[in-house]
Every structure is written in structure tokens, then in C-alpha cells.
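J.: Sharing a structure with you now.
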Amino acid sequence: MRSGFYAIYALLPALLAACAVGVPHAPAGPEAEPCVARLDRAGVTYAVAAMPAGGGACTVDTPVRVEAAGIAWNQPGVVSCAFALDLDAFAREDVTPLALARFGQKVRLLRHLGTFACRRETGNGNRWSAHASGRAIDIAGFELADGSVITVERDWRGAGAKSLFLQDLARRACRRFSVVLTPDSDRDHRDHIHLDSGPWTLCGA
Ligand SMILES: [Zn+2]
């Protein structure tokens with residue numbers, strides 16, 4: 001009996017190893033990784049946020065309060081985790097390379113007017129704005145590393161370097177976001193570029 005008892009103990013590691021081989025694993029890859037883990041890996045500065053009040057259409061998928069995504073923001077903003085990832089990629093892959101090419105320096109601050117807002121669009125049949133689901137941002141401008149300021153309101157028009165930068169950026173944004181609205185779109189956007197990953201598609205650049 002005793003020798004049989006110890007024999008089972010001796011076999012245990014092998015039995016456990018055999019069981020482990022048979023355990024089905026969760027699929028690997030980015031799809032399996034929680035969104036906030038991807039924010040961590042990207043180095044986004046954020047805090048998990050409470051679901052904003054409002055309910056209904058004003059529901060944000062994994063709300064996060066972002067302070068920096070690729071570039072520091074002038075004020076924190078609540079967005080969905082997936083949209084924070086979009087903005088981080090936009091900063092790194094579009095804003096920074098275009099600023100380096102046009103001005104020979106990086107952008108140190110992104111100035112925005114707002115992100116989440118529980119509201120409907122003006123016009124468009126009164127449908128819910130992408131801001132209501134935390135999938136939109138209104139960018140008013142940028143501050144370069146040397147302190148010079150680029151504003152959509154002042155610099156969008158014309159053919160100077162700042163104007164070309166903003167217009168190039170808006171065109172690049174159309175490849176990444178479903179809606180891009182600029183001062184060329186309507187008077188509501190005279191002072192900002194609206195970017196969203198909502199269900200509609202419109203490139204106003
Ligand atoms: Zn907007």
C-alpha cells in the first residue's frame with residue numbers, strides 16, 4: 001500500500017504536465033489582449049473612468065480619462081479605450097512625422113476643446129453625436145517643441161507651413177477615422193478639426 005501511495009506522488013508531476021498540455025488556451029494576439037493592457041503597452045497616460053452619466057446612447061465602451069496619448073493633451077478627456085488607442089496611433093504615426101517633416105520638431109501639446117459629451121448633432125436628423133459614445137475629439141491646435149502655436153481657427157486657411165501642416169494632417173486623419181470635419185465643412189468647425197470613429201463616414205479635408 002505504502003509503496004503504491006508514494007508511486008502516485010512520484011507520478012503527479014508527470015500527470016499534471018499531461019493535463020496542462022490538454023488545457024485549451026485562449027487565442028493569442030492583440031484581439032485577446034484587454035484594451036487597457038494595450039493602452040499600458042502604448043504608454044498612454046490615462047485612468048479608468050466611471051461610466052459618464054446619461055445612459056442610453058451616451059454609453060462609452062471602457063471609458064478612460066486620457067491625459068496624454070502619444071502627445072500630451074492640454075486638458076484630460078474621457079473617451080472609449082478603443083478611441084484612445086486610435087488617438088495614440090494618430091499622434092505617433094501622423095502628427096509627429098508630419099510635424100518633423102514640416103517644422104523639423106515634434107509637437108509637445110495637443111489642444112482640444114472636448115471629447116465625451118452626451119449630446120446630439122446639430123442637423124443630420126438630430127442623430128446622436130459620436131461624442132456621446134466617447135469616440136470623438138475636437139482638436140483646436142498644437143504647440144510645437146519650441147513653443148510656437150498652431151491653431152485651426154487662425155492657421156487653417158492660406159498656404160503657409162502651419163496651414164499646410166493642418167491640411168495634410170486632416171487628409172491623413174481621413175484614412176484613420178471615419179469622420180473628419182474641418183473649417184471647410186461648416187461654420188460649426190471654424191475653430192477645430194473634429195475626428196471620430198463613429199458609424200458614419202465623411203472626409204471634410
Ligand atoms: Zn466634434
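Identifiers in the C-alpha cells: chain A, B, ... in order shown; residue index from 1 per chain; ligand index from 1 in order shown.
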Counting only C-alpha atoms and all ligand atoms, which protein, DNA or RNA residues come within 9 Å of ligand 1, given as JSON, numbers by chain?

T.: {"A": [113, 114, 115, 121, 129, 130, 131, 136, 137, 138, 139, 181, 189, 192, 193, 194, 195, 196]}

J.: Please list as a short mmCIF file (atom, residue, chain, number, x, y, z; two decimals) with N, CA, C and O atoms, in the first residue's frame every residue within 12 Å of Phe83 (chain A), counting only C-alpha atoms and excluding residues in the same chain fewer than 3 positions away.

T.:
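Contents of selection.cif, as written:
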data_model
loop_
_atom_site.label_atom_id
_atom_site.label_comp_id
_atom_site.auth_asym_id
_atom_site.auth_seq_id
_atom_site.Cartn_x
_atom_site.Cartn_y
_atom_site.Cartn_z
N CYS A 35 -8.26 45.85 -23.82
CA CYS A 35 -7.93 47.15 -24.41
C CYS A 35 -7.01 47.97 -23.51
O CYS A 35 -6.04 48.57 -23.97
N VAL A 36 -7.30 47.98 -22.18
CA VAL A 36 -6.47 48.83 -21.31
C VAL A 36 -5.03 48.32 -21.23
O VAL A 36 -4.11 49.10 -21.03
N ARG A 38 -3.46 47.22 -23.75
CA ARG A 38 -2.85 47.81 -24.95
C ARG A 38 -2.52 49.28 -24.70
O ARG A 38 -1.50 49.78 -25.19
N LEU A 39 -3.36 49.98 -23.93
CA LEU A 39 -3.04 51.38 -23.57
C LEU A 39 -1.76 51.42 -22.74
O LEU A 39 -0.90 52.29 -22.95
N VAL A 44 0.15 55.18 -23.01
CA VAL A 44 -0.87 56.22 -22.89
C VAL A 44 -1.04 56.57 -21.41
O VAL A 44 -1.06 55.68 -20.56
N VAL A 60 -20.29 54.71 -23.01
CA VAL A 60 -18.93 54.65 -23.54
C VAL A 60 -18.36 53.26 -23.28
O VAL A 60 -18.42 52.76 -22.16
N ASP A 61 -17.81 52.63 -24.30
CA ASP A 61 -17.21 51.31 -24.16
C ASP A 61 -15.84 51.44 -23.47
O ASP A 61 -14.92 52.03 -24.04
N THR A 62 -15.72 50.93 -22.26
CA THR A 62 -14.49 51.02 -21.46
C THR A 62 -14.00 52.48 -21.39
O THR A 62 -12.99 52.84 -22.01
N PRO A 63 -14.71 53.32 -20.64
CA PRO A 63 -14.32 54.74 -20.58
C PRO A 63 -12.98 54.95 -19.88
O PRO A 63 -12.73 54.35 -18.83
N VAL A 64 -12.14 55.77 -20.47
CA VAL A 64 -10.85 56.13 -19.85
C VAL A 64 -10.69 57.65 -19.93
O VAL A 64 -11.15 58.29 -20.87
N ARG A 65 -10.04 58.17 -18.89
CA ARG A 65 -9.77 59.61 -18.83
C ARG A 65 -8.31 59.80 -19.23
O ARG A 65 -7.40 59.45 -18.47
N VAL A 66 -8.12 60.34 -20.42
CA VAL A 66 -6.77 60.40 -21.01
C VAL A 66 -6.13 61.76 -20.76
O VAL A 66 -6.79 62.80 -20.87
N ALA A 69 -1.79 60.85 -25.11
CA ALA A 69 -1.83 59.68 -25.99
C ALA A 69 -0.88 59.98 -27.14
O ALA A 69 -1.25 60.65 -28.10
N GLY A 77 -9.45 64.20 -21.10
CA GLY A 77 -10.71 63.98 -21.81
C GLY A 77 -11.12 62.52 -21.69
O GLY A 77 -10.27 61.63 -21.70
N VAL A 78 -12.43 62.29 -21.53
CA VAL A 78 -12.95 60.93 -21.44
C VAL A 78 -13.30 60.43 -22.84
O VAL A 78 -14.02 61.10 -23.58
N VAL A 79 -12.74 59.27 -23.19
CA VAL A 79 -13.03 58.62 -24.47
C VAL A 79 -13.15 57.12 -24.22
O VAL A 79 -12.80 56.64 -23.15
N SER A 80 -13.61 56.39 -25.22
CA SER A 80 -13.60 54.94 -25.12
C SER A 80 -12.14 54.48 -25.23
O SER A 80 -11.31 55.15 -25.86
N ASP A 86 -6.79 54.71 -30.98
CA ASP A 86 -6.79 55.38 -32.29
C ASP A 86 -6.03 56.71 -32.21
O ASP A 86 -5.25 57.04 -33.10
N LEU A 87 -6.29 57.46 -31.13
CA LEU A 87 -5.65 58.78 -30.99
C LEU A 87 -4.15 58.65 -30.74
O LEU A 87 -3.36 59.48 -31.21
N ASP A 88 -3.77 57.61 -30.01
CA ASP A 88 -2.35 57.37 -29.77
C ASP A 88 -1.64 57.07 -31.10
O ASP A 88 -0.58 57.63 -31.39
N ALA A 89 -2.25 56.21 -31.91
CA ALA A 89 -1.65 55.87 -33.21
C ALA A 89 -1.62 57.11 -34.11
O ALA A 89 -0.63 57.34 -34.82
N PHE A 90 -2.67 57.91 -34.08
CA PHE A 90 -2.73 59.14 -34.88
C PHE A 90 -1.58 60.08 -34.49
O PHE A 90 -0.88 60.63 -35.34
N THR A 115 -14.07 66.00 -25.62
CA THR A 115 -14.16 64.62 -26.11
C THR A 115 -15.59 64.13 -25.85
O THR A 115 -16.49 64.46 -26.60
N PHE A 116 -15.79 63.36 -24.75
CA PHE A 116 -17.14 62.86 -24.45
C PHE A 116 -18.10 64.02 -24.20
O PHE A 116 -17.77 64.97 -23.48
N ALA A 130 -21.06 61.29 -32.24
CA ALA A 130 -20.05 60.31 -31.83
C ALA A 130 -19.41 60.73 -30.50
O ALA A 130 -18.83 59.90 -29.80
N HIS A 131 -19.53 62.02 -30.15
CA HIS A 131 -19.05 62.47 -28.83
C HIS A 131 -19.82 61.76 -27.71
O HIS A 131 -19.29 61.56 -26.62
N SER A 133 -20.70 58.72 -27.47
CA SER A 133 -20.17 57.39 -27.14
C SER A 133 -18.67 57.44 -26.88
O SER A 133 -18.00 56.40 -26.84
N GLY A 134 -18.13 58.65 -26.70
CA GLY A 134 -16.70 58.78 -26.37
C GLY A 134 -15.79 58.41 -27.52
O GLY A 134 -14.64 58.02 -27.32
N ARG A 135 -16.30 58.55 -28.74
CA ARG A 135 -15.50 58.19 -29.91
C ARG A 135 -15.21 59.41 -30.78
O ARG A 135 -15.17 59.30 -32.01
N ALA A 136 -15.05 60.59 -30.16
CA ALA A 136 -14.79 61.80 -30.94
C ALA A 136 -13.97 62.78 -30.13
O ALA A 136 -13.98 62.77 -28.89
N ILE A 137 -13.22 63.61 -30.86
CA ILE A 137 -12.43 64.68 -30.23
C ILE A 137 -12.46 65.89 -31.15
O ILE A 137 -12.54 65.75 -32.37
N ARG A 176 -7.72 57.17 -41.13
CA ARG A 176 -7.74 56.51 -39.83
C ARG A 176 -9.10 56.61 -39.14
O ARG A 176 -9.50 55.69 -38.42
N PHE A 177 -9.77 57.74 -39.31
CA PHE A 177 -11.04 57.98 -38.63
C PHE A 177 -12.18 57.95 -39.65
O PHE A 177 -11.95 58.23 -40.84
N SER A 178 -13.37 57.64 -39.17
CA SER A 178 -14.49 57.53 -40.13
C SER A 178 -15.01 58.92 -40.50
O SER A 178 -15.46 59.12 -41.63
N LEU A 195 -12.63 64.76 -35.15
CA LEU A 195 -12.28 63.39 -35.58
C LEU A 195 -13.18 62.43 -34.83
O LEU A 195 -13.35 62.58 -33.62
N ASP A 196 -13.75 61.45 -35.54
CA ASP A 196 -14.48 60.42 -34.81
C ASP A 196 -14.39 59.07 -35.48
O ASP A 196 -14.10 58.96 -36.67
N SER A 197 -14.64 58.03 -34.67
CA SER A 197 -14.66 56.65 -35.15
C SER A 197 -16.08 56.11 -35.01
O SER A 197 -16.27 54.96 -34.63
N GLY A 198 -17.03 56.95 -35.32
CA GLY A 198 -18.45 56.55 -35.23
C GLY A 198 -18.87 55.78 -36.48
O GLY A 198 -18.06 55.42 -37.32
#

J.: Select from region 42-196 of chain A everything DSSP, run on the backbone, classes as strand (DSSP E), then give the selection as an NGL selection string.

T.: :A and (45-48 or 63-69 or 71-80 or 107-114 or 136-144 or 149-151 or 179-181 or 193-196)

J.: From a backbone DSSP assignment, name each residue in chain A labelled alpha helix (DSSP H), as a ChimeraX atom specification.

T.: /A:2-22,35-42,81-90,96-103,152-155,161-176

J.: Write out as a CSV table (one decimal) with C-alpha atoms, in the first residue's frame each polymer residue whose atoms come within 9 Å of Leu166 (chain A), counting only C-alpha atoms; drop sequence neighbours fewer than 4 positions from it.

T.:
chain,number,residue,atom,x,y,z
A,141,GLY,CA,-4.5,73.1,-32.4
A,150,ILE,CA,-0.7,76.3,-34.4
A,151,THR,CA,-4.4,77.0,-34.2
A,152,VAL,CA,-7.1,75.7,-36.5
A,155,ASP,CA,-3.9,78.8,-39.4
A,156,TRP,CA,-6.3,76.5,-41.4
A,161,ALA,CA,3.7,75.9,-43.3
A,162,LYS,CA,1.1,75.8,-40.5
A,170,ALA,CA,-6.7,66.3,-41.8
A,171,ARG,CA,-6.2,64.3,-45.0

J.: Go through A:Ala159, A:Gly125, A:Glu143, A:Ser148 and flag the residue nearest Thr96 (chain A), using only C-alpha atoms for the distances.

T.: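 The closest residue to Thr96 (chain A) is A:Glu143.
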
J.: Show which residues sit within 8 Å of Gln75 (chain A), as a ChimeraX atom specification. Count only C-alpha atoms, and ignore same-chain residues fewer than 4 positions away.

T.: /A:67,111-112

J.: For the selection you just gave me, I'd like the residues written to a file as an mmCIF file, in the first residue's frame, keeping N, CA and C atoms.

T.:
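The result, stored in again.cif:
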data_model
loop_
_atom_site.group_PDB
_atom_site.id
_atom_site.type_symbol
_atom_site.label_atom_id
_atom_site.label_comp_id
_atom_site.auth_asym_id
_atom_site.auth_seq_id
_atom_site.Cartn_x
_atom_site.Cartn_y
_atom_site.Cartn_z
ATOM 1 N N GLU A 67 -4.842 61.727 -20.423
ATOM 2 C CA GLU A 67 -4.069 62.967 -20.270
ATOM 3 C C GLU A 67 -3.016 63.115 -21.359
ATOM 4 N N ARG A 111 -3.987 70.576 -28.278
ATOM 5 C CA ARG A 111 -5.047 71.356 -27.633
ATOM 6 C C ARG A 111 -6.387 70.886 -28.181
ATOM 7 N N HIS A 112 -7.245 70.413 -27.273
ATOM 8 C CA HIS A 112 -8.578 70.005 -27.722
ATOM 9 C C HIS A 112 -9.653 70.746 -26.940
#

J.: At a cut-off of 9 Å, using only C-alpha atoms, what residues contact Gly55 (chain A)? Leave out same-chain residues fewer than 4 positions from it and give the result as a ChimeraX atom specification.

T.: /A:51,59,118

J.: With distances taken over only C-alpha atoms, which residue among A:Gly147, A:Gly70, A:Pro199, A:Gly204 lies nearest Pro183 (chain A)?

T.: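 The shortest atom-to-atom distance to Pro183 (chain A) comes from A:Gly204.
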
J.: Between CA of Ala145 (chain A) and CA of Val107 (chain A), measure the distance and give it in Å to one decimal.

T.: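 One can read the CA of Ala145 (chain A) to CA of Val107 (chain A) distance as 5.5 Å.
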
J.: Name the closest residue to Asp186 (chain A) among the candidates A:Asp146, A:Ala91, A:Ala205, A:Ala68; distances are taken between atoms, counting only C-alpha atoms.

T.: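 Among A:Asp146, A:Ala91, A:Ala205, A:Ala68, it is A:Ala205 that comes nearest to Asp186 (chain A).
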